[in-house]
>>> print(open('my_file.txt').read())   # compact mmCIF, C-alpha atoms
# COMPACT_ATOMS: atom_id res chain seq x y z
CA MET A 27 61.88 27.31 17.36
CA ALA A 28 59.64 24.85 19.19
CA GLN A 29 56.74 23.22 17.43
CA ALA A 30 53.15 23.74 18.64
CA VAL A 31 53.41 20.71 20.90
CA GLN A 32 56.73 20.75 22.69
CA ALA A 33 58.40 17.49 23.64
CA ARG A 34 59.33 17.27 27.28
CA ILE A 35 62.69 15.96 28.40
CA GLY A 36 62.30 12.19 28.49
CA ASP A 37 59.60 12.11 25.82
CA SER A 38 61.52 13.25 22.75
CA GLU A 39 63.07 11.23 19.96
CA PHE A 40 66.50 12.24 21.24
CA ASP A 41 65.76 10.62 24.62
CA ARG A 42 64.36 7.45 23.05
CA ASP A 43 67.31 7.11 20.68
CA THR A 44 69.91 7.62 23.43
CA ALA A 45 68.27 5.19 25.83
CA VAL A 46 70.46 2.44 27.29
CA ALA A 47 69.38 -0.81 28.94
CA LEU A 48 71.38 -2.26 31.83
CA ARG A 49 72.56 -5.78 31.00
CA GLU A 50 74.79 -6.25 34.03
CA THR A 51 76.83 -4.00 36.28
CA GLY A 52 78.62 -1.45 34.09
CA VAL A 53 77.36 -2.93 30.80
CA TYR A 54 74.54 -1.39 28.76
CA ASP A 55 72.82 -2.38 25.53
CA ALA A 56 71.93 0.33 23.03
CA GLU A 57 70.53 0.71 19.53
CA LEU A 58 72.19 3.25 17.25
CA SER A 59 69.36 4.92 15.34
CA ALA A 60 69.64 5.55 11.59
CA GLY A 61 67.86 8.83 12.27
CA TRP A 62 71.10 10.45 13.44
CA THR A 63 73.26 9.67 10.40
CA ILE A 64 74.97 12.22 8.20
CA ILE A 65 76.59 11.37 4.85
CA HIS A 66 77.92 7.87 5.66
CA ALA A 67 78.01 7.45 9.43
CA VAL A 68 76.29 8.01 12.76
CA ASN A 69 76.85 11.57 14.02
CA GLY A 70 79.62 11.93 16.60
CA GLY A 71 77.64 14.25 18.88
CA TYR A 72 74.77 11.76 19.05
CA LEU A 73 77.26 9.03 19.98
CA LEU A 74 78.77 11.28 22.64
CA ALA A 75 75.32 11.83 24.16
CA LEU A 76 74.62 8.10 24.12
CA LEU A 77 77.80 7.27 26.03
CA GLY A 78 77.17 10.29 28.23
CA ARG A 79 73.82 8.82 29.25
CA ALA A 80 75.41 5.47 30.13
CA LEU A 81 78.08 7.18 32.24
CA GLY A 82 75.40 9.25 33.95
CA GLU A 83 73.78 6.02 35.08
CA ALA A 84 77.05 4.34 36.08
CA LEU A 85 78.49 7.26 38.09
CA PRO A 86 77.12 8.69 41.36
CA HIS A 87 76.98 12.22 39.89
CA SER A 88 74.47 13.06 37.18
CA ASP A 89 75.88 15.90 35.05
CA PRO A 90 78.79 15.76 32.59
CA PHE A 91 81.43 18.41 33.33
CA THR A 92 84.13 17.34 30.87
CA VAL A 93 83.90 14.55 28.32
CA SER A 94 86.79 13.54 26.04
CA ALA A 95 86.13 11.07 23.25
CA HIS A 96 88.37 9.32 20.75
CA TYR A 97 86.55 8.04 17.65
CA LEU A 98 88.26 4.83 16.60
CA THR A 99 86.08 3.49 13.77
CA ALA A 100 82.93 4.72 12.09
CA SER A 101 79.73 3.63 13.86
CA GLN A 102 76.79 2.20 11.92
CA PRO A 103 73.09 2.07 12.77
CA GLY A 104 72.18 -1.04 14.73
CA PRO A 105 72.88 -2.82 18.02
CA ALA A 106 75.75 -1.74 20.25
CA VAL A 107 77.06 -2.48 23.71
CA ILE A 108 78.57 0.10 26.06
CA ARG A 109 80.99 -0.97 28.76
CA THR A 110 81.66 1.50 31.57
CA GLU A 111 84.20 1.64 34.37
CA VAL A 112 84.09 3.82 37.46
CA ILE A 113 87.62 5.19 37.95
CA ARG A 114 87.19 7.44 40.96
CA THR A 115 84.36 8.82 43.06
CA GLY A 116 84.57 11.82 45.34
CA ARG A 117 82.24 14.15 47.20
CA THR A 118 81.75 16.62 44.32
CA LEU A 119 83.18 14.85 41.26
CA SER A 120 83.37 11.35 39.86
CA THR A 121 85.34 10.06 36.89
CA GLY A 122 84.67 7.12 34.61
CA GLN A 123 85.33 5.75 31.19
CA ALA A 124 83.13 4.08 28.60
CA SER A 125 83.60 2.29 25.29
CA LEU A 126 81.02 1.52 22.64
CA PHE A 127 81.34 -1.72 20.67
CA GLN A 128 79.57 -3.15 17.64
CA TYR A 129 79.88 -6.55 16.02
CA ALA A 130 81.71 -7.04 12.72
CA GLN A 131 80.43 -9.42 10.06
CA ASP A 132 82.68 -12.20 11.42
CA GLY A 133 81.14 -11.80 14.89
CA THR A 134 84.10 -10.09 16.54
CA GLU A 135 83.60 -6.96 18.62
CA VAL A 136 84.87 -3.70 17.17
CA GLU A 137 85.42 -0.71 19.46
CA ARG A 138 83.94 2.41 17.88
CA ILE A 139 84.50 5.15 20.45
CA ARG A 140 86.20 5.48 23.84
CA VAL A 141 85.34 8.19 26.38
CA LEU A 142 86.92 9.49 29.58
CA ALA A 143 84.64 11.82 31.56
CA THR A 144 84.22 13.63 34.85
CA TYR A 145 80.74 14.23 36.26
CA GLY A 146 79.36 16.45 39.00
CA GLU A 147 76.21 18.38 39.91
CA LEU A 148 75.76 21.58 37.91
CA ASP A 149 73.05 22.93 40.20
CA THR A 150 75.50 23.11 43.12
CA LEU A 151 78.00 25.40 41.34
CA PRO A 152 78.39 29.04 42.47
CA ASP A 153 76.75 31.75 40.37
CA GLU A 154 79.81 34.03 40.19
CA VAL A 155 81.11 34.59 36.64
CA HIS A 156 84.21 36.44 35.39
CA THR A 157 84.53 36.22 31.61
CA THR A 158 85.61 38.11 28.52
CA ALA A 159 83.55 35.82 26.29
CA THR A 160 80.55 37.34 24.49
CA PRO A 161 77.65 35.70 22.65
CA PRO A 162 78.12 35.34 18.88
CA ALA A 163 76.54 38.00 16.66
CA ILE A 164 73.92 36.03 14.74
CA PRO A 165 70.96 37.58 12.88
CA PRO A 166 67.46 36.91 14.26
CA ILE A 167 66.15 33.41 13.61
CA GLU A 168 63.72 34.61 10.95
CA HIS A 169 66.66 36.04 8.96
CA CYS A 170 68.72 32.84 9.09
CA LEU A 171 68.63 29.86 6.75
CA GLY A 172 67.64 26.21 7.24
CA PRO A 173 67.91 23.06 5.09
CA ALA A 174 64.75 23.95 3.16
CA ASP A 175 66.41 27.17 1.98
CA GLY A 176 69.35 25.38 0.39
CA PRO A 177 69.64 24.35 -3.26
CA ALA A 178 70.24 20.64 -2.59
CA ALA A 179 70.64 18.11 0.20
CA ILE A 180 74.07 16.97 1.36
CA PRO A 181 75.15 13.91 -0.69
CA GLY A 182 74.46 10.68 1.18
CA SER A 183 72.30 10.38 4.28
CA SER A 184 71.11 13.62 5.85
CA ALA A 185 68.57 12.02 8.21
CA ILE A 186 69.89 13.98 11.20
CA THR A 187 68.68 17.26 9.67
CA GLU A 188 65.08 16.08 10.13
CA ARG A 189 65.63 15.85 13.90
CA LEU A 190 67.27 19.22 14.31
CA ASN A 191 66.05 22.78 13.99
CA ILE A 192 69.12 24.61 12.71
CA LYS A 193 69.04 28.10 11.23
CA LEU A 194 72.43 29.21 9.96
CA ASP A 195 73.83 32.72 9.78
CA PRO A 196 73.68 33.66 6.06
CA ALA A 197 77.31 34.80 6.32
CA THR A 198 78.36 31.15 6.86
CA VAL A 199 76.36 29.38 4.13
CA GLY A 200 78.26 30.40 1.02
CA TRP A 201 79.24 26.75 0.60
CA ALA A 202 75.60 25.88 -0.17
CA ILE A 203 75.66 27.98 -3.36
CA GLY A 204 79.21 27.19 -4.40
CA ALA A 205 80.70 30.37 -2.93
CA PRO A 206 82.40 29.45 0.38
CA SER A 207 83.81 32.38 2.33
CA GLY A 208 87.13 30.69 3.10
CA LYS A 209 86.89 31.89 6.72
CA GLY A 210 86.32 28.53 8.43
CA GLU A 211 83.33 29.76 10.46
CA MET A 212 79.88 28.31 11.13
CA ARG A 213 77.22 30.04 13.23
CA GLY A 214 73.56 29.44 13.82
CA TRP A 215 70.56 28.90 16.05
CA PHE A 216 70.07 25.35 17.31
CA GLY A 217 67.26 23.28 18.79
CA LEU A 218 65.75 19.83 18.54
CA ALA A 219 63.00 19.61 15.92
CA ASP A 220 60.40 18.33 18.39
CA GLY A 221 60.91 21.34 20.64
CA ARG A 222 62.61 19.54 23.53
CA ASP A 223 64.56 22.04 25.61
CA ALA A 224 68.29 21.61 25.98
CA ASP A 225 69.88 19.94 28.99
CA PRO A 226 73.49 18.97 29.81
CA LEU A 227 73.18 15.68 27.92
CA SER A 228 71.81 17.21 24.72
CA LEU A 229 74.63 19.78 24.77
CA LEU A 230 76.96 16.89 23.96
CA LEU A 231 75.06 16.58 20.69
CA THR A 232 74.88 20.34 20.08
CA VAL A 233 78.64 20.90 19.89
CA ASP A 234 78.90 18.54 16.91
CA ALA A 235 75.59 19.14 15.11
CA LEU A 236 76.21 22.08 12.77
CA PRO A 237 77.73 21.57 9.30
CA PRO A 238 81.53 21.35 9.51
CA THR A 239 83.56 24.53 9.07
CA SER A 240 85.44 22.74 6.29
CA PHE A 241 82.44 23.45 4.04
CA GLU A 242 83.20 27.18 4.31
CA LEU A 243 86.83 26.38 3.48
CA GLY A 244 85.64 24.98 0.15
CA LEU A 245 85.85 21.29 1.10
CA LYS A 246 82.76 19.11 0.87
CA GLY A 247 82.24 15.61 2.18
CA TRP A 248 82.53 13.65 5.39
CA THR A 249 84.72 15.31 8.05
CA PRO A 250 85.29 12.48 10.54
CA THR A 251 86.07 13.42 14.13
CA VAL A 252 89.29 12.01 15.57
CA GLU A 253 88.99 13.47 19.09
CA LEU A 254 86.37 15.67 20.75
CA THR A 255 86.52 17.25 24.20
CA THR A 256 83.45 19.01 25.57
CA HIS A 257 83.06 21.13 28.70
CA ILE A 258 79.55 21.66 30.09
CA ARG A 259 79.59 24.92 32.07
CA CYS A 260 76.03 25.28 33.36
CA ARG A 261 72.49 24.00 32.88
CA PRO A 262 70.97 25.79 29.86
CA ALA A 263 67.92 27.99 30.18
CA PRO A 264 64.84 27.03 28.10
CA GLY A 265 64.78 28.33 24.56
CA PRO A 266 66.96 28.23 21.45
CA LEU A 267 70.73 27.97 21.61
CA ARG A 268 73.31 29.92 19.64
CA VAL A 269 76.33 28.00 18.37
CA ALA A 270 79.54 29.43 16.93
CA ILE A 271 82.28 27.21 15.52
CA THR A 272 85.64 28.33 14.15
CA THR A 273 88.64 26.71 12.49
CA ARG A 274 91.95 28.58 12.40
CA ASN A 275 94.29 25.91 11.09
CA LEU A 276 93.90 23.22 8.44
CA ALA A 277 97.23 21.49 7.91
CA GLY A 278 98.44 18.02 7.09
CA GLY A 279 94.91 16.90 6.24
CA PHE A 280 93.50 17.72 9.70
CA LEU A 281 91.67 20.70 11.18
CA GLU A 282 90.54 21.80 14.61
CA GLU A 283 87.06 23.09 15.45
CA ASP A 284 86.40 25.27 18.49
CA ALA A 285 82.72 25.55 19.46
CA GLU A 286 80.83 27.75 21.89
CA VAL A 287 77.18 27.22 22.85
CA TRP A 288 75.15 30.08 24.38
CA ASP A 289 71.68 29.82 25.88
CA SER A 290 68.70 32.21 25.79
CA ALA A 291 69.97 33.91 28.98
CA ASP A 292 73.26 34.87 27.24
CA ARG A 293 75.28 32.34 29.24
CA LEU A 294 78.12 30.27 27.82
CA VAL A 295 76.77 26.79 28.58
CA ALA A 296 79.19 24.56 26.63
CA GLN A 297 82.56 24.68 24.93
CA SER A 298 84.37 22.11 22.83
CA ARG A 299 87.41 21.48 20.71
CA GLN A 300 87.80 18.67 18.25
CA LEU A 301 90.39 17.42 15.82
CA ALA A 302 88.88 16.21 12.57
CA LYS A 303 90.15 14.77 9.34
CA ALA A 304 89.63 17.10 6.41
CA PRO A 305 87.43 15.82 3.56
CA ARG A 306 89.23 14.53 0.52
CA THR A 307 89.11 17.08 -2.26
>>> encode(input="my_file.txt", output="C-alpha cells")
Amino acid sequence: MAQAVQARIGDSEFDRDTAVALRETGVYDAELSAGWTIIHAVNGGYLLALLGRALGEALPHSDPFTVSAHYLTASQPGPAVIRTEVIRTGRTLSTGQASLFQYAQDGTEVERIRVLATYGELDTLPDEVHTTATPPAIPPIEHCLGPADGPAAIPGSSAITERLNIKLDPATVGWAIGAPSGKGEMRGWFGLADGRDADPLSLLLTVDALPPTSFELGLKGWTPTVELTTHIRCRPAPGPLRVAITTRNLAGGFLEEDAEVWDSADRLVAQSRQLAKAPRT
C-alpha cells in the first residue's frame, strides 16, 4: 500500500497536520487542516489524533491506552487552541484531559471536543495474549475497491480520501452503486496515502476513517460522532492495517459503531466504540 517513497513517522502530512505548538504550560496552538474534512466537517479521528498528540506532550507517559472523546460542536478548518490538564500521574499510567476550542464570529471561544485519556508505555507491556478475537476475513488488497473504483464522490468535501489509502471489501460497498446490503458492516485495508507506517497516535485516526456503516444501512450523508472511546492495545507492526466496523442497533436516530484494527502480524492493535447520529433520510 505504500508509495515508492515512504514517509517516515514525523515527516508525513499526518504528522505536520497534527502538530501542536506550546503557548504556555498546558496550552497548545493548532491549525485544523482542510485536508482532513469529509462532507461538511473536520474528521473526528483526525481531531482525536490532534488532541492525543497534545496530551502525549503534556503527560509523562507517551502512548495512549484509552481515549474517550465527546464531540460538542462541529469543528472547522482553521486555528484552534487545546487546553490540557494533568489529572493524575503514576509509575505506569497517567491520566489527563484536553479540550479543543475555536473562535466564533463574535470572538467568543467555542468548545468543539473534550477528551479524557489515560497514557502509558506500550513497549513495557507483557507479551502474553489470551483472546477469542480473530482477524476479519477481507479479500486481498488487489481484490478490494478504493475511491477511484466508485461511480461518484461523496457529496460535499471528500478531501480526507486523498490522504488515505483505503481499499474496501466489495461485500461492504453496495451503497456506492445504490444497493446497500442492510447489514451495517464496513471492512477494508487501511493506510496513509504517503506510506507512513501506523503508530499508536495514527490508530486514533484509523478507528474513525472508513465510511460509516450507516451507508450500508441505506442512509447517506454526514454521520456526526457524539462520543468515541478508543483502546490502543499494542504498537502496530509495519504494513497495512485491516479494519472491521459493525453496527447492530440503529434506534431513535442514533447508532453505535464497534471497530477493530488488526496489524500485519495478525494482532488486534486497537478497538473502539462510538455513538453517532444517524444521517437524515
>>> residues_near_point(input="my_file.txt", point="(72.9, 16.8, 31.4)", cutoff="8 Å", atoms="only C-alpha atoms", output="VMD selection string")
chain A and resid 88 to 90 225 to 229 261
>>> closest_residue(input="my_file.txt", among="A:Pro250, A:Gly104, A:Gly146, A:Gly122", to="Gly71 in chain A", atoms="only C-alpha atoms")
A:Pro250
>>> atom_distance(input="my_file.txt", atom1="CA of Phe127 in chain A", atom2="CA of Arg109 in chain A")
8.1 Å
>>> closest_residue(input="my_file.txt", among="A:Val295, A:Ala224, A:Leu231, A:Leu301", to="Asn69 in chain A", atoms="all atoms listed in the file")
A:Leu231
>>> closest_residue(input="my_file.txt", among="A:Ala219, A:Ile164, A:Ala235, A:Ala143", to="Ile64 in chain A", atoms="only C-alpha atoms")
A:Ala235
>>> residues_around(input="my_file.txt", residues="Thr44 in chain A", least_positions_apart="4", cutoff="8 Å", atoms="all atoms listed in the file", output="list in words")
Phe40, Ala56, Glu57, Leu58, Tyr72, Ala75, Leu76 and Arg79 of chain A
>>> closest_residue(input="my_file.txt", among="A:Ala100, A:Thr115, A:Ala159, A:Ala84", to="Val136 in chain A", atoms="all atoms listed in the file")
A:Ala100
>>> closest_residue(input="my_file.txt", among="A:Gly208, A:Pro86, A:Gly278, A:Gly214", to="Pro237 in chain A", atoms="only C-alpha atoms")
A:Gly214
>>> residues_around(input="my_file.txt", residues="Gln128 in chain A", least_positions_apart="4", cutoff="8 Å", atoms="only C-alpha atoms", output="list of chain:residue names")
A:Ser101, A:Pro105, A:Ala106, A:Val107, A:Glu135, A:Val136, A:Glu137, A:Arg138
>>> write_last_selection(input="my_file.txt", atoms="C-alpha atoms", output="short mmCIF file (atom, residue, chain, number, x, y, z; two decimals), in the coordinates of the input")
data_model
loop_
_atom_site.label_atom_id
_atom_site.label_comp_id
_atom_site.auth_asym_id
_atom_site.auth_seq_id
_atom_site.Cartn_x
_atom_site.Cartn_y
_atom_site.Cartn_z
CA SER A 101 79.73 3.63 13.86
CA PRO A 105 72.88 -2.82 18.02
CA ALA A 106 75.75 -1.74 20.25
CA VAL A 107 77.06 -2.48 23.71
CA GLU A 135 83.60 -6.96 18.62
CA VAL A 136 84.87 -3.70 17.17
CA GLU A 137 85.42 -0.71 19.46
CA ARG A 138 83.94 2.41 17.88
#
>>> residues_around(input="my_file.txt", residues="Leu48 in chain A", least_positions_apart="3", cutoff="10 Å", atoms="all atoms listed in the file", output="count of residues only")
11
>>> atom_distance(input="my_file.txt", atom1="CA of Thr99 in chain A", atom2="CA of Ala202 in chain A")
28.4 Å
>>> atom_distance(input="my_file.txt", atom1="CA of Pro165 in chain A", atom2="CA of Pro305 in chain A")
28.8 Å
>>> closest_residue(input="my_file.txt", among="A:Ile192, A:Ala95, A:Leu230, A:Ile113", to="Ile258 in chain A", atoms="only C-alpha atoms")
A:Leu230
>>> residues_near_point(input="my_file.txt", point="(94.9, 26.7, 13.6)", cutoff="12 Å", atoms="only C-alpha atoms", output="PyMOL selection string")
chain A and resi 209-210+272-278+280-284+299-301
